[in-house]
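Q: For reference, the structure I am asking about is given below.
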Amino acid sequence: MKKIIFLLLLIIAFGSCEDFLNKKDPTATSFVEFFNDEEDLRRVVYSSYLDVFTNPTSRAIIFYMEEAKSDNAYSRVEGDHHQNIANGNFNSNSTAFLYYYELYMKHLGRLNTFIANTHVPYVEDESVRDKYTGILEALRVWHYFRLTMRWGDVPFVLEPADLETARQPVTPKDEILDTLFPLAEEIAAKLPTEEYTTDKYMFNRYSFKALTMRYALYNGRYELAARLAKEIIDSGKYSLHPVYEDLFTYEAHSTNNEFIMWFDMDSHANSATQSFQHLGPHYRTGPGQSYVVPTKALVDAYWTAQGRPIDKCPLHTKEEYELNPSLNRDPRYATSIMGHGDMFYGEEIDIYNENSPMHYQKLRASRTGYWFRKFVDESDAFKTGGNMHFPLLRYAEVLLTYAEAKIMLNQVDDLTKKCINDIRRRAGLDMSVADVTLPEYANYTQQQWLELLQNERRIELAAEGQRYDDIIRWKLAENVLNKPAEGHTRIVDGKKETLKVEDRSFLPHNYRWPFHENSLKVEPGLIQNTGY
């Protein structure tokens with residue numbers, strides 16, 4: 001009897017959508033009674049983005065908070081689900097895994113229902129129906145990409161669930177991907193080629209190609225990733241914005257040609273954004289909460305202005321760079337991170353001043369002594385919220401993807417080098433040394449190119465939520481997440497002293513997440529991942 005109840009709960013999770021929409025008719029009892037016209041189609045698309053990808057206040061899912069699952073950052077609130085994943089203090093009963101799994105599976109159920117019924121609402125122009133159907137199908141693919149990245153083998157259902165589908169066994173990850181990638185290209189071909197004037201957060205052909213490209217790279221489908229990246233490059237629709245810093249402030253957040261997937265104000269009905277509160281410092285009476293802050297590991301990852309690692313630079317010692325992160329550094333450091341000694345709102349940050357709200361031991365301060373400057377615009381310092389537009393995927397990632405895919409194929413061509421150079425040049429590096437077409441790069445091995453690319457990707461996309469997926473797919477997590485999370489370094493009584501935030505642990509089986517014990521009870525077809 002208990003199993004039947006669990007299965008019925010699963011079907012409800014997969015198929016129910018009555019609470020998901022604002023019904024026009026509060027007495028409606030069937031799907032078709034509140035799925036009537038074009039606006040209903042738009043509403044289900046909007047809701048499908050908002051509840052999982054574009055809610056500006058949901059710290060468990062917002063993209064920049066994801067950084068705290070990795071070695072790039074630390075999350076001070078355990079309940080946000082990032083801290084324990086980064087430090088390894090979790091098991092198959094940890095709430096995070098029930099939260100994320102149920103989030104994706106419930107929305108997949110709703111998407112399956114919507115897609116199966118997109119023929120129901122009346123629309124005057126059938127191309128409108130086709131557009132919204134394609135976007136919903138693309139969102140379904142995105143959910144499965146995320147599920148397989150985290151859990152591997154999962155239930156794979158492309159129609160509304162019933163008792164039989166609720167009992168089915170999981171489908172192997174590779175089999176799911178073999179279906180998803182061709183399906184994604186078919187969906188992309190049906191979507192409009194141009195970005196929408198309003199609701200530009202919704203997928204168009206090239207933004208969905210870009211997302212497919214990302215997961216092709218993540219899953220080692222390098223030829224596909226390189227081809228899709230090249231198609232986006234050749235389309236001429238996107239370009240690197242001239243000033244890197246402006247992309248993450250109000251200078252260019254809504255008017256640039258670099259954002260491909262948008263988390264814009266329309267995506268959450270123009271409700272206030274909270275990036276200053278989430279990432280910024282508690283300054284005077286300001287709203288900053290320091291929920292996610294950078295680590296020393298990320299700070300040290302910023303190479304020099306000449307494009308060299310800080311331990312391989314003839315100009316200064318590694319210790320000099322550690323003690324002064326602004327010394328001869330890649331300009332992206334100063335535009336992405338701030339900390340002790342830097343200026344904020346006209347004042348110098350002093351994390352060791354006990355009378356300052358930014359003292360590293362204060363509750364709302366940064367335990368590492370650093371803050372992200374990305375998405376933290378000083379004009380929001382004393383507001384309850386902002387109106388920031390965010391990138392979920394930028395053209396810079398397309399260039400980095402092409403370069404990485406070609407490196408992994410051992411086919412480093414002129415375009416590969418151009419992609420890297422374009423990003424470095426835009427960042428403001430000294431190209432008399434950092435230009436990868438120079439003789440010193442001529443004999444680079446595949447591993448050397450990969451290490452360069454990996455670090456370039458890390459600092460270009462810092463605070464944009466990609467690092468955790470990167471260390472998982474590169475199989476680097478066992479190394480970087482088995483080191484303590486640390487912060488600011490200084491000299492005390494003649495000795496180097498670094499703030500220690502927490503110990504961390506990552507075991508070989510942690511490359512896949514566990515299914516929560518409740519999920520195993522609800523879905524008899526699930527098989528717990530090895531090691532849990």
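Residues in the structure tokens are numbered from 1 in each chain, the chains being A, B, ... in the order shown, and ligands are numbered from 1 in the order shown.
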Which polymer residues have any atom within 8 Å of an atom of range 290-304 of chain A, counting only C-alpha atoms, with same-chain residues fewer than 6 positions away left out, as an MDAnalysis selection string?
A: chainID A and resid 65 67:68 71:77 277:282 310 313 321:322 325 328:330 332:333 337 364:368 370:372 455 458:459 485:488
Q: Excluding same-chain residues fewer than 4 positions from Gly220 in chain A, what lies within 12 Å of it counting only C-alpha atoms, as a list in words?
A: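 Final neighbour list, sorted by chain and number: Met149, Asp174, Leu177, Met213, Arg214, Tyr215, Ala216, Leu224, Ala225, Ala226, Thr401, Glu404, Ala405, Lys406, Ile407, Met408, Leu409, Asp470, Arg473 and Trp474 of chain A.
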Q: Please produce a file of the residues just selected, as a short mmCIF file (atom, residue, chain, number, x, y, z; two decimals), in the first residue's frame, where the atoms kept are N, CA and C atoms.
A:
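Final file, result.cif:
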data_model
loop_
_atom_site.label_atom_id
_atom_site.label_comp_id
_atom_site.auth_asym_id
_atom_site.auth_seq_id
_atom_site.Cartn_x
_atom_site.Cartn_y
_atom_site.Cartn_z
N MET A 149 24.09 15.65 -15.56
CA MET A 149 25.37 16.15 -15.03
C MET A 149 25.52 15.82 -13.56
N ASP A 174 24.43 7.99 -21.08
CA ASP A 174 24.86 8.09 -22.48
C ASP A 174 23.70 7.87 -23.43
N LEU A 177 21.75 11.11 -23.50
CA LEU A 177 22.45 12.13 -24.28
C LEU A 177 22.40 11.83 -25.77
N MET A 213 25.74 23.55 -27.08
CA MET A 213 27.20 23.57 -27.18
C MET A 213 27.85 23.38 -25.81
N ARG A 214 27.33 24.08 -24.80
CA ARG A 214 27.90 23.97 -23.45
C ARG A 214 27.86 22.53 -22.97
N TYR A 215 26.72 21.87 -23.13
CA TYR A 215 26.61 20.51 -22.59
C TYR A 215 27.28 19.48 -23.48
N ALA A 216 27.47 19.79 -24.75
CA ALA A 216 28.29 18.92 -25.60
C ALA A 216 29.73 18.94 -25.08
N LEU A 224 30.99 17.99 -31.74
CA LEU A 224 29.72 18.71 -31.73
C LEU A 224 29.88 20.08 -31.09
N ALA A 225 30.59 20.15 -29.98
CA ALA A 225 30.80 21.43 -29.30
C ALA A 225 31.52 22.42 -30.20
N ALA A 226 32.58 21.95 -30.87
CA ALA A 226 33.34 22.83 -31.76
C ALA A 226 32.48 23.29 -32.94
N THR A 401 34.81 27.72 -25.53
CA THR A 401 34.36 26.37 -25.85
C THR A 401 35.00 25.87 -27.14
N GLU A 404 38.62 25.05 -26.30
CA GLU A 404 38.81 23.84 -25.51
C GLU A 404 38.49 22.58 -26.31
N ALA A 405 37.41 22.63 -27.08
CA ALA A 405 37.04 21.46 -27.87
C ALA A 405 38.15 21.10 -28.87
N LYS A 406 38.72 22.11 -29.51
CA LYS A 406 39.79 21.85 -30.48
C LYS A 406 41.06 21.36 -29.79
N ILE A 407 41.33 21.88 -28.60
CA ILE A 407 42.48 21.38 -27.83
C ILE A 407 42.28 19.91 -27.48
N MET A 408 41.07 19.56 -27.04
CA MET A 408 40.80 18.17 -26.67
C MET A 408 40.84 17.24 -27.88
N LEU A 409 40.54 17.78 -29.05
CA LEU A 409 40.65 16.99 -30.28
C LEU A 409 42.07 16.99 -30.82
N ASP A 470 32.83 22.60 -14.19
CA ASP A 470 34.15 22.44 -14.80
C ASP A 470 35.04 21.49 -14.00
N ARG A 473 33.74 17.89 -14.51
CA ARG A 473 34.00 17.25 -15.82
C ARG A 473 35.50 17.10 -16.09
N TRP A 474 36.33 18.00 -15.55
CA TRP A 474 37.77 17.88 -15.71
C TRP A 474 38.38 16.90 -14.72
#
Q: Enumerate as a ChimeraX atom specification all residues of range 258-303 of chain A assigned to strand (DSSP E or B) by DSSP on the backbone, naming them with the chain letters and numbers the document uses.
A: /A:259-263,273,292-294
Q: Would you please work out which residue, of A:Glu523, A:Glu251, A:Glu497, A:Glu502, is nearest to Ala166 in chain A when using only C-alpha atoms?
A: A:Glu523
Q: With only C-alpha atoms as the atoms that count, which of A:Asn387, A:Gln289, A:Pro155, A:Phe375 lies nearest to Arg167 in chain A?
A: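 Smallest separation from Arg167 in chain A among the options: A:Pro155.
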Q: For Ala463 in chain A, which residue out of A:Ile232, A:Ser275, A:Val45, A:Phe259 is the nearest one, using only C-alpha atoms?
A: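 Among the listed residues, the smallest separation from Ala463 in chain A belongs to A:Ser275.
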Q: Pick the closest to Arg424 in chain A from A:Ile187, A:Leu453, A:Ile233, A:Ala462: which is it, counting only C-alpha atoms?
A: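 Closest to Arg424 in chain A of all the choices is A:Leu453.
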Q: Please provide the set of residues having any atom within 9 Å of Val141 in chain A, restricted to only C-alpha atoms, with same-chain residues fewer than 6 positions apart removed, written as a list in words.
A: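 Near neighbours after the sequence-gap exclusion: Leu180, Phe181, Leu183, Ala184 and Thr212 of chain A.
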Q: Would you mind exporting the chosen residues as a PDB file, in the first residue's frame, restricted to all heavy atoms?
A:
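Dumped everything to part_10.pdb:
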ATOM      1  N   LEU A 180      19.197  13.280 -26.628  1.00  0.00           N
ATOM      2  CA  LEU A 180      19.051  14.718 -26.404  1.00  0.00           C
ATOM      3  C   LEU A 180      19.772  15.570 -27.445  1.00  0.00           C
ATOM      4  O   LEU A 180      19.225  16.580 -27.909  1.00  0.00           O
ATOM      5  CB  LEU A 180      19.556  15.096 -25.013  1.00  0.00           C
ATOM      6  CG  LEU A 180      18.715  14.683 -23.809  1.00  0.00           C
ATOM      7  CD1 LEU A 180      19.351  15.218 -22.532  1.00  0.00           C
ATOM      8  CD2 LEU A 180      17.288  15.194 -23.935  1.00  0.00           C
ATOM      9  N   PHE A 181      20.996  15.214 -27.796  1.00  0.00           N
ATOM     10  CA  PHE A 181      21.754  16.103 -28.679  1.00  0.00           C
ATOM     11  C   PHE A 181      21.138  16.224 -30.071  1.00  0.00           C
ATOM     12  O   PHE A 181      20.959  17.350 -30.569  1.00  0.00           O
ATOM     13  CB  PHE A 181      23.223  15.688 -28.730  1.00  0.00           C
ATOM     14  CG  PHE A 181      23.992  16.073 -27.502  1.00  0.00           C
ATOM     15  CD1 PHE A 181      24.567  15.108 -26.685  1.00  0.00           C
ATOM     16  CD2 PHE A 181      24.133  17.404 -27.139  1.00  0.00           C
ATOM     17  CE1 PHE A 181      25.263  15.465 -25.543  1.00  0.00           C
ATOM     18  CE2 PHE A 181      24.828  17.776 -25.991  1.00  0.00           C
ATOM     19  CZ  PHE A 181      25.398  16.800 -25.200  1.00  0.00           C
ATOM     20  N   LEU A 183      17.999  15.723 -30.744  1.00  0.00           N
ATOM     21  CA  LEU A 183      16.727  16.384 -30.478  1.00  0.00           C
ATOM     22  C   LEU A 183      16.935  17.887 -30.290  1.00  0.00           C
ATOM     23  O   LEU A 183      16.158  18.704 -30.811  1.00  0.00           O
ATOM     24  CB  LEU A 183      16.085  15.781 -29.228  1.00  0.00           C
ATOM     25  CG  LEU A 183      14.741  16.383 -28.777  1.00  0.00           C
ATOM     26  CD1 LEU A 183      13.689  16.221 -29.865  1.00  0.00           C
ATOM     27  CD2 LEU A 183      14.282  15.705 -27.479  1.00  0.00           C
ATOM     28  N   ALA A 184      17.984  18.253 -29.594  1.00  0.00           N
ATOM     29  CA  ALA A 184      18.270  19.674 -29.359  1.00  0.00           C
ATOM     30  C   ALA A 184      18.518  20.403 -30.671  1.00  0.00           C
ATOM     31  O   ALA A 184      18.069  21.547 -30.856  1.00  0.00           O
ATOM     32  CB  ALA A 184      19.477  19.816 -28.436  1.00  0.00           C
ATOM     33  N   THR A 212      23.254  24.034 -25.983  1.00  0.00           N
ATOM     34  CA  THR A 212      23.588  22.681 -26.427  1.00  0.00           C
ATOM     35  C   THR A 212      25.100  22.524 -26.559  1.00  0.00           C
ATOM     36  O   THR A 212      25.672  21.489 -26.176  1.00  0.00           O
ATOM     37  CB  THR A 212      22.901  22.379 -27.769  1.00  0.00           C
ATOM     38  OG1 THR A 212      21.489  22.615 -27.647  1.00  0.00           O
ATOM     39  CG2 THR A 212      23.123  20.932 -28.195  1.00  0.00           C
TER      40      THR A 212
END
Q: Could you check how far CA of Ala210 in chain A sits from CA of Tyr395 in chain A, in Å to one decimal?
A: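 According to the coordinates, CA of Ala210 in chain A and CA of Tyr395 in chain A are separated by 8.8 Å.
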Q: Leaving out Ser47 in chain A and any residue of its chain fewer than 3 positions from it, which residues lie within 10 Å of it when counting only C-alpha atoms, given as a PyMOL selection string?
A: chain A and resi 20-22+42-44+50-55+107+267-268
Q: Which of range 142-260 of chain A end up as helix (DSSP H, G or I) when DSSP is run on this backbone - answer as a PyMOL selection string?
A: chain A and resi 142-151+163-167+173-190+205-218+222-235+245-248
Q: CA of Pro169 in chain A and CA of Ser519 in chain A are how many Å apart?
A: 13.2 Å
Q: If you measure from CA of Lys374 in chain A to CA of Gly341 in chain A, what distance in Å do you get, rounded to one decimal?
A: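 A separation of 17.7 Å between them.
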Q: With only C-alpha atoms as the basis for distance, which of A:Ala252, A:Ile349, A:Ala305, A:Met105 is at the shortest distance from Val157 in chain A?
A: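 Smallest distance to Val157 in chain A is found for A:Met105.
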Q: Leaving out Leu158 in chain A and any residue of its chain fewer than 3 positions from it, which residues lie within 12 Å of it when counting only C-alpha atoms, given as a count of residues only?
A: 26
Q: Quick one: of A:Tyr46, A:Tyr201, A:Tyr283, A:Phe248, who's nearest to Asp264 in chain A, counting only C-alpha atoms?
A: A:Tyr201
Q: May I have the residues within 8 Å of Trp262 in chain A as a PyMOL selection string, using only C-alpha atoms and disregarding those fewer than 6 positions away in the same chain?
A: chain A and resi 200-202+389-393
Q: Just the selected residues (all heavy atoms), exported as a PDB file, in the first residue's frame, please.
A:
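Wrote it out as part30.pdb, contents follow:
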ATOM      1  N   LYS A 200      13.446  38.589 -24.118  1.00  0.00           N
ATOM      2  CA  LYS A 200      14.627  38.056 -24.799  1.00  0.00           C
ATOM      3  C   LYS A 200      15.307  36.947 -23.999  1.00  0.00           C
ATOM      4  O   LYS A 200      16.240  36.326 -24.496  1.00  0.00           O
ATOM      5  CB  LYS A 200      15.609  39.177 -25.126  1.00  0.00           C
ATOM      6  CG  LYS A 200      16.141  39.974 -23.955  1.00  0.00           C
ATOM      7  CD  LYS A 200      16.993  41.136 -24.460  1.00  0.00           C
ATOM      8  CE  LYS A 200      17.481  42.015 -23.322  1.00  0.00           C
ATOM      9  NZ  LYS A 200      18.259  43.168 -23.817  1.00  0.00           N
ATOM     10  N   TYR A 201      14.823  36.706 -22.777  1.00  0.00           N
ATOM     11  CA  TYR A 201      15.320  35.564 -22.013  1.00  0.00           C
ATOM     12  C   TYR A 201      14.891  34.245 -22.632  1.00  0.00           C
ATOM     13  O   TYR A 201      15.486  33.200 -22.378  1.00  0.00           O
ATOM     14  CB  TYR A 201      14.834  35.636 -20.562  1.00  0.00           C
ATOM     15  CG  TYR A 201      13.334  35.508 -20.389  1.00  0.00           C
ATOM     16  CD1 TYR A 201      12.743  34.268 -20.173  1.00  0.00           C
ATOM     17  CD2 TYR A 201      12.507  36.625 -20.437  1.00  0.00           C
ATOM     18  CE1 TYR A 201      11.369  34.146 -20.015  1.00  0.00           C
ATOM     19  CE2 TYR A 201      11.144  36.516 -20.273  1.00  0.00           C
ATOM     20  CZ  TYR A 201      10.575  35.277 -20.068  1.00  0.00           C
ATOM     21  OH  TYR A 201       9.205  35.152 -19.918  1.00  0.00           O
ATOM     22  N   MET A 202      13.832  34.274 -23.448  1.00  0.00           N
ATOM     23  CA  MET A 202      13.347  33.040 -24.059  1.00  0.00           C
ATOM     24  C   MET A 202      14.307  32.569 -25.152  1.00  0.00           C
ATOM     25  O   MET A 202      14.912  33.372 -25.856  1.00  0.00           O
ATOM     26  CB  MET A 202      11.958  33.254 -24.653  1.00  0.00           C
ATOM     27  CG  MET A 202      10.890  33.556 -23.631  1.00  0.00           C
ATOM     28  SD  MET A 202       9.250  33.628 -24.394  1.00  0.00           S
ATOM     29  CE  MET A 202       8.243  34.070 -22.979  1.00  0.00           C
ATOM     30  N   HIS A 389      20.416  43.164 -15.186  1.00  0.00           N
ATOM     31  CA  HIS A 389      20.274  42.082 -16.156  1.00  0.00           C
ATOM     32  C   HIS A 389      21.532  41.210 -16.052  1.00  0.00           C
ATOM     33  O   HIS A 389      22.649  41.740 -15.970  1.00  0.00           O
ATOM     34  CB  HIS A 389      20.161  42.627 -17.581  1.00  0.00           C
ATOM     35  CG  HIS A 389      18.938  43.450 -17.825  1.00  0.00           C
ATOM     36  ND1 HIS A 389      17.932  43.057 -18.671  1.00  0.00           N
ATOM     37  CD2 HIS A 389      18.558  44.654 -17.336  1.00  0.00           C
ATOM     38  CE1 HIS A 389      16.987  43.980 -18.703  1.00  0.00           C
ATOM     39  NE2 HIS A 389      17.353  44.960 -17.890  1.00  0.00           N
ATOM     40  N   PHE A 390      21.352  39.889 -16.090  1.00  0.00           N
ATOM     41  CA  PHE A 390      22.476  38.975 -15.908  1.00  0.00           C
ATOM     42  C   PHE A 390      22.677  38.093 -17.145  1.00  0.00           C
ATOM     43  O   PHE A 390      21.720  37.780 -17.858  1.00  0.00           O
ATOM     44  CB  PHE A 390      22.227  38.052 -14.715  1.00  0.00           C
ATOM     45  CG  PHE A 390      21.951  38.770 -13.424  1.00  0.00           C
ATOM     46  CD1 PHE A 390      20.665  38.829 -12.904  1.00  0.00           C
ATOM     47  CD2 PHE A 390      22.975  39.380 -12.715  1.00  0.00           C
ATOM     48  CE1 PHE A 390      20.402  39.481 -11.721  1.00  0.00           C
ATOM     49  CE2 PHE A 390      22.722  40.037 -11.519  1.00  0.00           C
ATOM     50  CZ  PHE A 390      21.428  40.081 -11.012  1.00  0.00           C
ATOM     51  N   PRO A 391      23.911  37.637 -17.363  1.00  0.00           N
ATOM     52  CA  PRO A 391      24.156  36.672 -18.444  1.00  0.00           C
ATOM     53  C   PRO A 391      24.139  35.238 -17.922  1.00  0.00           C
ATOM     54  O   PRO A 391      24.866  34.904 -16.978  1.00  0.00           O
ATOM     55  CB  PRO A 391      25.562  37.051 -18.911  1.00  0.00           C
ATOM     56  CG  PRO A 391      26.248  37.526 -17.664  1.00  0.00           C
ATOM     57  CD  PRO A 391      25.180  38.146 -16.791  1.00  0.00           C
ATOM     58  N   LEU A 392      23.337  34.385 -18.512  1.00  0.00           N
ATOM     59  CA  LEU A 392      23.432  32.952 -18.220  1.00  0.00           C
ATOM     60  C   LEU A 392      24.427  32.274 -19.157  1.00  0.00           C
ATOM     61  O   LEU A 392      24.910  31.181 -18.865  1.00  0.00           O
ATOM     62  CB  LEU A 392      22.060  32.295 -18.343  1.00  0.00           C
ATOM     63  CG  LEU A 392      21.032  32.719 -17.291  1.00  0.00           C
ATOM     64  CD1 LEU A 392      19.697  32.017 -17.524  1.00  0.00           C
ATOM     65  CD2 LEU A 392      21.535  32.447 -15.883  1.00  0.00           C
ATOM     66  N   LEU A 393      24.727  32.934 -20.281  1.00  0.00           N
ATOM     67  CA  LEU A 393      25.756  32.425 -21.198  1.00  0.00           C
ATOM     68  C   LEU A 393      26.187  33.600 -22.061  1.00  0.00           C
ATOM     69  O   LEU A 393      25.358  34.296 -22.639  1.00  0.00           O
ATOM     70  CB  LEU A 393      25.207  31.278 -22.054  1.00  0.00           C
ATOM     71  CG  LEU A 393      26.218  30.412 -22.806  1.00  0.00           C
ATOM     72  CD1 LEU A 393      25.624  29.017 -23.071  1.00  0.00           C
ATOM     73  CD2 LEU A 393      26.662  31.025 -24.113  1.00  0.00           C
TER      74      LEU A 393
END
Q: So that I can see what lies close to Asn510 in chain A, please list as a list in words the residues with an atom at most 9 Å from it, counting only C-alpha atoms and leaving out residues fewer than 5 positions away in the same chain.
A: Gly88, Ala477, Glu478, Gly531 and Tyr532 of chain A
